[in-house]
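Shown next: work.txt, given as compact mmCIF, C-alpha atoms.
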# COMPACT_ATOMS: atom_id res chain seq x y z
CA MET L 8 -21.49 64.28 -25.56
CA ILE L 9 -25.26 64.51 -25.88
CA GLU L 10 -27.06 66.55 -23.24
CA PHE L 11 -30.70 65.78 -22.59
CA HIS L 12 -33.38 68.34 -21.93
CA LEU L 13 -36.92 67.74 -20.80
CA ASP L 14 -40.21 69.29 -21.68
CA PRO L 15 -42.51 68.30 -18.81
CA ARG L 16 -45.51 69.89 -20.53
CA SER L 17 -45.11 67.91 -23.76
CA GLY L 18 -47.17 64.98 -22.49
CA VAL L 19 -44.46 62.65 -23.81
CA ALA L 20 -43.15 60.19 -21.20
CA THR L 21 -39.72 61.18 -19.89
CA TYR L 22 -38.02 57.96 -21.00
CA LEU L 23 -39.45 58.45 -24.50
CA GLN L 24 -38.10 61.99 -24.62
CA ILE L 25 -34.63 60.58 -23.90
CA VAL L 26 -35.06 57.84 -26.52
CA GLN L 27 -36.26 60.39 -29.07
CA GLN L 28 -33.40 62.78 -28.33
CA VAL L 29 -30.82 60.04 -28.83
CA LYS L 30 -32.48 59.00 -32.08
CA GLU L 31 -32.67 62.57 -33.27
CA ALA L 32 -28.97 63.07 -32.54
CA LEU L 33 -28.25 59.83 -34.42
CA ARG L 34 -30.33 60.96 -37.39
CA LEU L 35 -28.67 64.34 -37.51
CA GLY L 36 -25.25 62.80 -37.02
CA THR L 37 -24.41 64.80 -33.88
CA ILE L 38 -23.46 61.52 -32.17
CA ASP L 39 -21.91 58.59 -33.94
CA VAL L 40 -20.87 54.97 -33.51
CA GLY L 41 -18.51 54.58 -30.54
CA ASP L 42 -19.63 57.76 -28.77
CA GLN L 43 -20.55 57.37 -25.13
CA LEU L 44 -23.93 58.36 -23.72
CA PRO L 45 -23.91 60.06 -20.31
CA THR L 46 -24.09 57.61 -17.41
CA VAL L 47 -27.36 57.11 -15.57
CA ARG L 48 -26.00 59.00 -12.57
CA GLU L 49 -24.86 61.90 -14.74
CA VAL L 50 -28.31 62.24 -16.32
CA VAL L 51 -30.02 61.88 -12.94
CA ALA L 52 -27.79 64.50 -11.31
CA ASP L 53 -28.30 66.84 -14.25
CA LEU L 54 -32.06 66.55 -14.80
CA ALA L 55 -33.24 65.43 -11.35
CA ILE L 56 -35.20 62.53 -12.79
CA ASN L 57 -35.83 58.97 -11.73
CA PRO L 58 -32.83 56.70 -12.42
CA ASN L 59 -35.27 53.94 -13.46
CA THR L 60 -36.44 56.23 -16.27
CA VAL L 61 -32.96 56.68 -17.69
CA ALA L 62 -32.23 52.96 -17.36
CA LYS L 63 -35.48 52.18 -19.18
CA ALA L 64 -34.64 54.57 -22.03
CA TYR L 65 -31.19 53.03 -22.41
CA ARG L 66 -32.66 49.51 -22.34
CA ASP L 67 -35.08 50.48 -25.12
CA LEU L 68 -32.24 51.86 -27.22
CA GLU L 69 -30.23 48.70 -26.56
CA ARG L 70 -33.12 46.47 -27.59
CA GLU L 71 -33.27 48.37 -30.88
CA GLY L 72 -29.59 47.73 -31.36
CA LEU L 73 -28.70 51.41 -31.32
CA VAL L 74 -26.49 51.31 -28.23
CA VAL L 75 -24.59 48.72 -26.20
CA ALA L 76 -24.03 48.76 -22.45
CA ARG L 77 -20.52 47.73 -21.48
CA GLN L 78 -20.27 46.45 -17.92
CA GLY L 79 -18.78 49.09 -15.65
CA ARG L 80 -17.84 51.39 -18.51
CA GLY L 81 -21.06 52.92 -19.73
CA THR L 82 -23.38 52.94 -22.71
CA PHE L 83 -22.02 53.44 -26.21
CA VAL L 84 -23.55 54.14 -29.61
CA ALA L 85 -23.54 50.92 -31.65
CA SER L 86 -25.18 51.95 -34.88
CA THR L 87 -26.40 55.04 -36.58
CA LEU L 88 -29.70 56.24 -38.00
CA ALA L 89 -28.06 58.78 -40.30
CA SER L 90 -29.03 56.86 -43.41
CA SER L 91 -28.84 57.78 -47.05
CA SER L 92 -31.89 59.94 -46.43
CA ARG L 93 -29.57 62.50 -44.87
CA ARG L 94 -28.40 63.81 -48.23
CA HIS L 95 -31.98 64.87 -48.92
CA HIS L 96 -32.16 66.84 -45.69
CA GLU L 97 -30.67 70.02 -47.04
CA HIS L 98 -33.01 70.17 -50.00
CA LEU L 99 -36.09 69.34 -47.90
CA ARG L 100 -35.13 71.87 -45.28
CA ALA L 101 -34.75 74.58 -47.93
CA GLN L 102 -38.23 73.75 -49.23
CA LEU L 103 -39.64 73.90 -45.71
CA GLU L 104 -37.99 77.26 -45.14
CA ARG L 105 -39.51 78.59 -48.37
CA TRP L 106 -42.88 77.33 -47.20
CA ILE L 107 -42.49 79.10 -43.85
CA ASP L 108 -41.52 82.34 -45.66
CA GLU L 109 -44.65 82.03 -47.76
CA ALA L 110 -46.79 81.38 -44.69
CA GLU L 111 -45.36 84.47 -43.00
CA SER L 112 -45.94 86.67 -46.02
CA SER L 113 -49.53 85.38 -46.11
CA GLY L 114 -49.94 86.88 -42.63
CA LEU L 115 -49.71 83.76 -40.43
CA ASP L 116 -48.07 84.35 -37.05
CA ASP L 117 -45.69 81.89 -35.32
CA GLU L 118 -48.49 80.19 -33.42
CA SER L 119 -50.65 79.68 -36.49
CA ILE L 120 -47.70 78.26 -38.42
CA ARG L 121 -46.93 75.83 -35.61
CA ALA L 122 -50.59 74.83 -35.28
CA LEU L 123 -50.90 74.24 -39.02
CA ILE L 124 -47.74 72.16 -39.16
CA SER L 125 -48.59 70.00 -36.15
CA ALA L 126 -52.18 69.46 -37.32
CA THR L 127 -50.95 68.46 -40.78
CA LEU L 128 -48.29 66.16 -39.34
CA ARG L 129 -50.79 64.53 -37.05
CA GLU L 130 -53.24 63.97 -39.90
CA LYS L 131 -50.73 62.78 -42.48
CA LEU L 132 -48.64 60.55 -40.25
CA GLY L 133 -51.63 59.40 -38.22
CA ARG L 134 -53.42 58.24 -41.37
CA ARG L 135 -50.37 56.27 -42.40
CA VAL L 136 -50.32 54.47 -39.04
CA ALA L 137 -54.05 53.71 -39.05
CA MET W 4 -38.79 40.15 -3.85
CA SER W 5 -41.58 41.14 -1.51
CA SER W 6 -43.26 44.51 -1.65
CA PRO W 7 -41.55 47.11 0.57
CA LEU W 8 -44.89 48.40 1.84
CA VAL W 9 -48.12 46.44 2.09
CA ALA W 10 -51.29 47.78 3.68
CA ARG W 11 -54.41 45.65 4.13
CA ALA W 12 -57.70 47.40 4.94
CA LEU W 13 -55.59 49.77 7.00
CA GLY W 14 -57.42 52.39 9.05
CA LYS W 15 -56.61 54.95 11.72
CA ARG W 16 -59.21 56.84 13.71
CA PHE W 17 -58.46 59.99 15.67
CA ARG W 18 -61.27 60.48 18.20
CA ARG W 19 -64.32 60.58 15.91
CA GLU W 20 -62.55 61.28 12.61
CA TRP W 21 -60.91 58.68 10.41
CA GLY W 22 -57.50 59.89 9.24
CA LEU W 23 -57.19 56.89 6.97
CA ARG W 24 -59.72 54.20 6.17
CA ASP W 25 -59.80 50.94 4.24
CA CYS W 26 -56.41 51.55 2.67
CA THR W 27 -55.14 48.58 0.68
CA LEU W 28 -51.84 48.99 -1.11
CA GLU W 29 -48.87 47.05 -2.34
CA LEU W 30 -46.01 49.23 -3.51
CA PRO W 31 -43.61 47.84 -6.11
CA GLU W 32 -40.00 47.45 -5.07
CA GLY W 33 -37.59 50.09 -6.40
CA ALA W 34 -40.38 52.48 -7.36
CA ILE W 35 -40.46 56.17 -6.69
CA VAL W 36 -43.96 56.57 -5.39
CA GLY W 37 -45.80 59.87 -5.40
CA LEU W 38 -48.23 59.92 -2.47
CA ALA W 39 -50.58 62.62 -3.67
CA GLY W 40 -53.75 64.14 -2.38
CA PRO W 41 -55.13 67.34 -0.89
CA ASN W 42 -54.32 68.41 2.66
CA ALA W 43 -55.81 66.12 5.30
CA ALA W 44 -56.23 63.30 2.79
CA GLY W 45 -54.34 60.88 5.05
CA LYS W 46 -50.82 61.09 3.60
CA SER W 47 -49.02 61.88 6.87
CA THR W 48 -51.16 59.35 8.72
CA LEU W 49 -50.08 56.62 6.30
CA LEU W 50 -46.40 57.57 6.72
CA ALA W 51 -46.75 57.64 10.53
CA LEU W 52 -48.30 54.15 10.42
CA ALA W 53 -45.47 52.96 8.16
CA THR W 54 -42.85 54.15 10.63
CA GLY W 55 -44.56 52.77 13.72
CA LEU W 56 -45.33 56.23 15.09
CA LEU W 57 -49.03 55.36 15.08
CA ASP W 58 -50.88 52.15 15.86
CA PRO W 59 -53.52 51.06 13.31
CA THR W 60 -57.13 51.17 14.49
CA GLU W 61 -57.96 48.42 12.00
CA GLY W 62 -56.23 46.40 9.30
CA SER W 63 -52.50 45.94 9.06
CA ILE W 64 -49.36 47.44 7.58
CA SER W 65 -46.10 45.73 6.82
CA VAL W 66 -42.89 47.44 5.76
CA LEU W 67 -40.01 45.42 4.30
CA GLY W 68 -41.98 42.35 5.35
CA ARG W 69 -42.27 43.35 9.02
CA ASP W 70 -44.64 45.10 11.42
CA PRO W 71 -43.05 48.50 12.15
CA LEU W 72 -44.65 48.78 15.60
CA ARG W 73 -43.91 45.30 16.93
CA GLU W 74 -40.59 44.73 15.14
CA PRO W 75 -38.92 48.13 15.43
CA ALA W 76 -35.59 46.66 14.21
CA VAL W 77 -36.98 47.21 10.71
CA LEU W 78 -36.76 50.97 11.31
CA ALA W 79 -32.98 50.77 10.84
CA GLU W 80 -33.70 50.06 7.16
CA ILE W 81 -36.18 52.89 6.75
CA GLY W 82 -35.22 56.51 6.15
CA PHE W 83 -37.87 59.02 7.18
CA VAL W 84 -37.84 62.78 6.74
CA ALA W 85 -40.82 64.26 8.56
CA GLN W 86 -42.54 67.43 7.44
CA GLY W 87 -40.37 70.51 7.93
CA ALA W 88 -37.18 68.40 8.14
CA PRO W 89 -36.91 68.54 11.95
CA LEU W 90 -33.29 68.65 13.17
CA TYR W 91 -31.62 70.00 16.32
CA ARG W 92 -31.25 73.66 15.44
CA GLY W 93 -28.54 74.26 18.04
CA PHE W 94 -26.25 71.53 16.64
CA THR W 95 -23.66 72.41 14.04
CA VAL W 96 -23.68 70.52 10.74
CA ALA W 97 -20.68 68.49 11.98
CA GLU W 98 -22.40 67.63 15.28
CA THR W 99 -25.55 66.61 13.43
CA ILE W 100 -23.60 64.26 11.20
CA GLU W 101 -21.69 62.86 14.18
CA PHE W 102 -24.98 62.27 16.01
CA ALA W 103 -26.34 60.38 12.99
CA ARG W 104 -23.15 58.34 12.71
CA ARG W 105 -23.34 57.25 16.37
CA THR W 106 -27.04 56.48 16.39
CA ASN W 107 -27.17 54.50 13.14
CA THR W 108 -25.24 51.32 12.49
CA GLY W 109 -23.80 51.10 9.02
CA TRP W 110 -23.99 54.84 8.51
CA ASP W 111 -22.25 56.17 5.43
CA ASP W 112 -22.41 59.85 4.52
CA ALA W 113 -20.62 59.23 1.21
CA GLY W 114 -19.57 62.85 0.84
CA LEU W 115 -23.11 63.97 0.04
CA LEU W 116 -22.66 66.91 2.38
CA ALA W 117 -19.26 68.14 1.22
CA GLU W 118 -20.53 71.55 0.24
CA LEU W 119 -22.05 72.46 3.64
CA ASP W 120 -19.75 74.24 6.11
CA PRO W 121 -19.50 71.79 9.05
CA ARG W 122 -19.32 74.66 11.59
CA THR W 123 -22.65 76.25 10.65
CA ARG W 124 -25.46 75.80 13.15
CA VAL W 125 -28.42 73.95 11.70
CA GLY W 126 -30.73 76.79 12.74
CA GLU W 127 -28.74 79.18 10.54
CA LEU W 128 -28.92 77.06 7.38
CA SER W 129 -31.24 78.08 4.55
CA ALA W 130 -34.43 76.05 4.24
CA GLY W 131 -32.97 74.32 1.17
CA ASP W 132 -29.71 73.37 2.89
CA ARG W 133 -31.57 72.16 5.98
CA ALA W 134 -33.84 69.99 3.81
CA ARG W 135 -30.84 68.54 1.99
CA LEU W 136 -29.05 67.88 5.28
CA ALA W 137 -32.08 65.99 6.60
CA LEU W 138 -32.27 64.03 3.34
CA ALA W 139 -28.55 63.25 3.40
CA LEU W 140 -28.89 61.95 6.97
CA ALA W 141 -31.77 59.71 5.89
CA LEU W 142 -29.78 58.50 2.86
CA GLY W 143 -26.73 57.89 5.05
CA LYS W 144 -28.60 55.01 6.68
CA ARG W 145 -28.51 53.36 3.25
CA PRO W 146 -32.24 52.73 3.61
CA ARG W 147 -34.16 50.18 1.58
CA LEU W 148 -37.26 52.34 1.99
CA LEU W 149 -37.19 56.13 2.14
CA LEU W 150 -40.27 58.07 3.25
CA LEU W 151 -40.50 61.83 2.73
CA ASP W 152 -43.37 63.92 4.05
CA GLU W 153 -43.95 67.13 2.04
CA PRO W 154 -40.22 67.65 1.45
CA PHE W 155 -40.78 70.59 -0.91
CA ALA W 156 -42.87 72.69 1.48
CA GLY W 157 -41.11 75.99 2.07
CA LEU W 158 -38.46 75.43 -0.63
CA ASP W 159 -38.09 77.84 -3.55
CA PRO W 160 -37.95 76.26 -7.05
CA LEU W 161 -34.13 76.20 -7.14
CA ALA W 162 -33.84 74.62 -3.67
CA GLY W 163 -36.55 72.15 -4.70
CA ARG W 164 -34.58 71.17 -7.79
CA GLU W 165 -31.36 70.74 -5.77
CA PHE W 166 -33.23 68.60 -3.27
CA LEU W 167 -34.52 66.39 -6.10
CA GLN W 168 -31.06 66.08 -7.60
CA LEU W 169 -29.63 64.90 -4.26
CA LEU W 170 -32.58 62.55 -3.83
CA MET W 171 -32.28 61.02 -7.31
CA ASP W 172 -28.55 60.63 -6.96
CA GLY W 173 -29.12 58.85 -3.64
CA VAL W 174 -31.72 56.59 -5.26
CA ALA W 175 -29.34 55.76 -8.12
CA GLU W 176 -26.80 54.70 -5.52
CA THR W 177 -28.95 52.89 -2.96
CA ALA W 178 -31.75 51.56 -5.22
CA ALA W 179 -34.13 52.40 -2.36
CA THR W 180 -37.88 52.45 -2.81
CA VAL W 181 -39.05 56.01 -2.19
CA VAL W 182 -42.40 57.41 -1.11
CA ILE W 183 -42.79 61.17 -1.51
CA ALA W 184 -45.91 62.66 0.04
CA SER W 185 -46.84 65.93 -1.62
CA HIS W 186 -50.00 67.91 -2.19
CA VAL W 187 -48.27 69.74 -5.07
CA ILE W 188 -48.23 67.34 -8.01
CA ALA W 189 -45.87 69.49 -10.07
CA ASP W 190 -43.19 68.87 -7.43
CA ILE W 191 -43.26 65.11 -7.85
CA GLU W 192 -44.43 64.40 -11.41
CA ARG W 193 -40.88 64.75 -12.72
CA VAL W 194 -39.67 61.73 -10.78
CA CYS W 195 -42.42 59.40 -9.63
CA ASP W 196 -43.16 56.24 -11.60
CA HIS W 197 -45.98 55.10 -9.33
CA ILE W 198 -48.87 57.07 -7.90
CA VAL W 199 -51.06 56.64 -4.85
CA LEU W 200 -53.78 59.26 -4.73
CA LEU W 201 -55.51 59.64 -1.38
CA THR W 202 -58.69 61.63 -0.93
CA GLY W 203 -60.69 61.86 2.27
CA GLY W 204 -58.66 59.14 3.98
CA GLY W 205 -59.04 56.54 1.21
CA VAL W 206 -57.11 55.38 -1.86
CA ARG W 207 -58.74 57.06 -4.87
CA LEU W 208 -56.33 55.90 -7.56
CA GLU W 209 -53.21 53.79 -7.58
CA GLY W 210 -50.94 52.53 -10.29
CA ASN W 211 -47.92 52.79 -12.50
CA VAL W 212 -47.72 56.33 -13.90
CA GLU W 213 -46.99 55.26 -17.44
CA GLU W 214 -49.89 52.79 -17.50
CA LEU W 215 -52.24 55.37 -16.01
CA LEU W 216 -51.25 57.99 -18.59
CA GLU W 217 -51.48 55.42 -21.38
CA SER W 218 -55.04 54.45 -20.41
CA HIS W 219 -56.36 58.03 -20.35
CA ARG W 220 -56.84 60.48 -23.20
CA ILE W 221 -58.14 63.98 -23.81
CA LEU W 222 -60.58 64.23 -26.71
CA MET W 223 -61.40 67.53 -28.33
CA GLY W 224 -63.97 68.13 -31.01
CA PRO W 225 -67.03 70.07 -32.03
CA ARG W 226 -69.90 69.94 -29.58
CA ARG W 227 -72.34 67.14 -30.36
CA PRO W 228 -74.66 64.66 -28.61
CA LEU W 229 -72.49 61.93 -27.12
CA GLY W 230 -73.02 58.38 -28.26
CA THR W 231 -70.50 55.58 -27.93
CA ILE W 232 -67.01 56.44 -29.07
CA ARG W 233 -64.97 53.50 -30.24
CA GLY W 234 -61.97 52.97 -28.01
CA VAL W 235 -63.47 54.87 -25.07
CA LYS W 236 -64.24 52.91 -21.91
CA GLU W 237 -65.50 55.67 -19.62
CA ILE W 238 -65.94 59.40 -19.83
CA LEU W 239 -64.45 60.85 -16.65
CA ARG W 240 -65.03 64.49 -17.33
CA GLU W 241 -66.97 66.47 -19.88
CA ARG W 242 -66.38 70.14 -20.57
CA HIS W 243 -68.16 72.43 -22.98
CA SER W 244 -66.94 75.79 -24.09
CA GLY W 245 -68.80 77.43 -26.92
CA ARG W 246 -68.93 74.93 -29.76
CA GLN W 247 -66.00 72.95 -28.41
CA LEU W 248 -66.31 69.78 -26.38
CA THR W 249 -63.43 68.41 -24.32
CA LEU W 250 -63.54 64.96 -22.74
CA LEU W 251 -61.23 63.18 -20.36
CA VAL W 252 -61.69 59.47 -20.92
CA THR W 253 -60.30 56.07 -20.06
CA THR W 254 -59.56 54.03 -23.14
CA SER W 255 -60.12 50.42 -24.12
CA GLY W 256 -58.26 50.69 -27.43
CA PRO W 257 -57.09 53.17 -30.03
CA ILE W 258 -59.43 56.06 -30.77
CA VAL W 259 -59.52 56.39 -34.54
CA ASP W 260 -62.63 58.52 -35.10
CA PRO W 261 -61.16 61.43 -37.11
CA SER W 262 -63.70 63.93 -35.76
CA TRP W 263 -61.85 63.88 -32.41
CA THR W 264 -58.45 65.38 -31.80
CA VAL W 265 -56.82 62.97 -29.37
CA ASP W 266 -54.25 64.19 -26.91
CA ASN W 267 -52.24 62.72 -24.05
CA VAL W 268 -53.10 63.81 -20.54
CA GLY W 269 -50.52 65.06 -18.06
CA LEU W 270 -50.23 63.55 -14.60
CA GLU W 271 -51.29 66.73 -12.83
CA GLU W 272 -54.44 67.12 -14.91
CA LEU W 273 -55.27 63.44 -14.45
CA LEU W 274 -54.91 63.53 -10.66
CA LEU W 275 -56.85 66.78 -10.37
CA ALA W 276 -59.69 65.15 -12.32
CA TYR W 277 -59.73 62.23 -9.89
CA MET W 278 -59.58 64.59 -6.91
CA ALA W 279 -62.72 66.40 -8.04
CA PRO W 280 -65.44 65.59 -5.52
CA GLU W 281 -68.29 64.90 -7.93
CA ARG W 282 -67.28 61.32 -8.59
CA LEU W 283 -67.85 59.05 -5.63
CA PRO W 284 -66.72 55.49 -6.35
CA THR W 285 -63.12 54.47 -5.92
CA PRO W 286 -61.39 52.09 -8.30
CA GLN W 287 -60.09 49.33 -6.06
CA PRO W 288 -56.63 47.83 -6.43
CA PRO W 289 -55.60 45.65 -8.18
CA GLU W 290 -55.78 48.35 -10.81
CA LYS W 291 -56.91 45.95 -13.56
CA VAL W 292 -60.49 46.42 -12.31
CA PRO W 293 -62.21 48.80 -14.74
CA LEU W 294 -62.55 52.37 -13.56
CA ARG W 295 -66.16 53.26 -12.77
CA TRP W 296 -67.78 56.57 -13.09
CA HIS W 297 -71.24 57.61 -12.12
CA GLY W 298 -72.09 61.09 -13.33

Would you kindly transcribe this structure into structure tokens?
Amino acid sequence: MIEFHLDPRSGVATYLQIVQQVKEALRLGTIDVGDQLPTVREVVADLAINPNTVAKAYRDLEREGLVVARQGRGTFVASTLASSSRRHHEHLRAQLERWIDEAESSGLDDESIRALISATLREKLGRRVA
Amino acid sequence: MSSPLVARALGKRFRREWGLRDCTLELPEGAIVGLAGPNAAGKSTLLALATGLLDPTEGSISVLGRDPLREPAVLAEIGFVAQGAPLYRGFTVAETIEFARRTNTGWDDAGLLAELDPRTRVGELSAGDRARLALALALGKRPRLLLLDEPFAGLDPLAGREFLQLLMDGVAETAATVVIASHVIADIERVCDHIVLLTGGGVRLEGNVEELLESHRILMGPRRPLGTIRGVKEILRERHSGRQLTLLVTTSGPIVDPSWTVDNVGLEELLLAYMAPERLPTPQPPEKVPLRWHG
């Protein structure tokens, strides 16, 4: 079963962090159709967060058709995001690793690598949105 | 459903000092409300007015649709944990629970206390266990409104987390509206979905946490003369360091100017900015009124 973790300093709303973690697990195939998500009370007892937040995250996922809530039984994965793109993952990951190796041998430290990646992501993806 | 707590121009004066003044609020049902503000901002005064322990000097307060002072029957539906979780220190855990059972109709401890040894005297419990016992007693009333005054004071981080877990579990079960007064924002930002910020006895900021965070942004960029920035409604705070300029702003739309790096603001940073004394005017509820700033 998926276990959620929170990064309170990320600036990302808690319910969005839960939504993103479910989606990420769906993309990576670590959870699949039919799997159960933890109940609201389980998440609340584990993370000490507002039950409304968990309910909101699950509602969002339900609206997107990714999960279904079954009365009295819990919330279950209804569809997957692990699309055909997944077969490219390995290749892309290898390329990314080579890039990181190159960055390291050029003298960039961890922080600089992270900063460069997140700035590039923000610029590239942000431009696409705008 | 009506709001579980409504205050209208509520004020309380102690001798010459106002503990709370011109407080107008309407808390949404089922919310977990962070009542934030520095010490002596009026948080405890508001809670004491809500539980009928104090009489308003002016204005009115209504909890669960009733006047807590003149209709004390409403208190049966309110759970209140005062600062320092006061309990009878000479009672054992079992005696404390028995006392609560006999003095509250419809009391249900629901096994929340299973892990505490019933023979231990309350005075010998750790601060964390005592706080959780007081919370469990308040939850045992199955309250529709739960008021907590500085519940994290004196708790270490682990005890604080355990307290929150018990609280959130209780909320998941009872669907109570909760008000947590705390001067430490980090203690409450994990759970609250609504914020009331009091400063100097008045409401400085109030609203849904998500909406508040969504309408504020941090802008970082090279230092430059400031003109109008598209998407920015008001600049709340301006900081220079070297060639870098950092702004905290309220937004009216997306900020697309590529010369600014736009970042989300955390709740703590946001509230601290509003607590800073240099800005005088208070945005009045309803929160749709634009935020004003006079620098």

| Within 9 Å of chain L: residues of chain W, using all atoms listed in the file, as a PyMOL selection string | chain W and resi 33-35+164-172+174-176+178+192-196+213+216+259+261+266-270

| query | Quick one: distance from CA of Gly93 (chain W) to CA of Ala51 (chain W) in Å, one decimal? | reply |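 Going from CA of Gly93 (chain W) over to CA of Ala51 (chain W) covers 25.8 Å.
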
| query | In Å to one decimal, how far is CA of Ala122 (chain L) from CA of Gly36 (chain L)? | reply |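 Computing it gives 28.1 Å between the two atoms.
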
Please report, as lines of an AutoDock Vina configuration file, the centre and edge lengths in Å to one decimal of an axis-aligned box covering all listed atoms of region 9-23 of chain L with 5 Å per side.
center_x = -36.2
center_y = 63.9
center_z = -22.3
size_x = 31.9
size_y = 21.9
size_z = 17.1

| task | Skip region 54-58 of chain W itself and residues of its chain fewer than 3 positions away, then list as a count of residues only all residues within 7 Å of it, counting all atoms listed in the file. | result | 5

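We find CA of Thr177 (chain W) and CA of Arg145 (chain W) to be spaced 6.2 Å apart.
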
| query | Quick one: of L:Ile38, L:Ala110, L:Ala32, L:Val26, who's nearest to Glu69 (chain L), counting only C-alpha atoms? | reply |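 For Glu69 (chain L), the nearest of the candidates is L:Val26.
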
| task | May I have the residues within 9 Å of Ala134 (chain W) as a list in words, using all atoms listed in the file and disregarding those fewer than 4 positions away in the same chain? | result | Val84, Gly87, Ala88, Pro89, Ser129, Ala130, Leu138, Ala139, Pro154, Phe155, Leu158, Ala162 and Phe166 of chain W

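For the residues L:Leu128, L:Leu68, L:Leu103, L:Leu115, ranking by smallest atom-to-atom distance to Thr82 (chain L) using all atoms listed in the file places L:Leu68 first.
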
Which residues come within 7 Å of Thr95 (chain W), counting all atoms listed in the file, excluding same-chain residues fewer than 3 positions away, as a PDB file with C-alpha atoms, in the frame of the given file?
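The resulting file, part07.pdb, is shown below:
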ATOM      1  CA  GLU W  98     -22.400  67.630  15.280  1.00  0.00           C
ATOM      2  CA  THR W  99     -25.550  66.610  13.430  1.00  0.00           C
ATOM      3  CA  PRO W 121     -19.500  71.790   9.050  1.00  0.00           C
ATOM      4  CA  ARG W 122     -19.320  74.660  11.590  1.00  0.00           C
ATOM      5  CA  THR W 123     -22.650  76.250  10.650  1.00  0.00           C
ATOM      6  CA  ARG W 124     -25.460  75.800  13.150  1.00  0.00           C
ATOM      7  CA  VAL W 125     -28.420  73.950  11.700  1.00  0.00           C
TER       8      VAL W 125
END

| message | Is it possible to get the residues within 6 Å of (-23.1, 55.3, -19.7) (coordinates as in the file, counting all atoms listed in the file) written as number ranges by chain? | response | L: 44-46, 81-82

| task | Pick out the residues sitting within 9 Å of Leu251 (chain W), and hand them over as a PyMOL selection string; count only C-alpha atoms, and ignore anything fewer than 2 positions along from it in its own chain. | result | chain W and resi 219-222+237-242+249+253+268+273+276

| field | Answer as number ranges by chain, residues within 7 Å of (-56.4, 55.2, -26.5) using only C-alpha atoms | value | W: 218-220, 234, 254-258

May I have the residues from that selection written out with C-alpha atoms, as a compact mmCIF listing (two decimals), keeping the file's coordinate frame?
# COMPACT_ATOMS: atom_id res chain seq x y z
CA SER W 218 -55.04 54.45 -20.41
CA HIS W 219 -56.36 58.03 -20.35
CA ARG W 220 -56.84 60.48 -23.20
CA GLY W 234 -61.97 52.97 -28.01
CA THR W 254 -59.56 54.03 -23.14
CA SER W 255 -60.12 50.42 -24.12
CA GLY W 256 -58.26 50.69 -27.43
CA PRO W 257 -57.09 53.17 -30.03
CA ILE W 258 -59.43 56.06 -30.77

| field | Pick from W:Met223, W:Leu13, W:Cys26, W:Ala76, whichever lies nearest to Glu61 (chain W) using only C-alpha atoms | value |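 Smallest distance to Glu61 (chain W) is found for W:Leu13.
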
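Comparing the minimum interatomic distances between Thr264 (chain W) and each of W:Gly173, W:Gly230, W:Pro146, W:Gly224, counting only C-alpha atoms, we find that W:Gly224 sits nearest.
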
| said: I need the residue nearest Leu23 (chain L) from this list: L:Met8, L:Ile107, L:Leu99, L:Val61. Use all atoms listed in the file for the distance. | reply: L:Val61
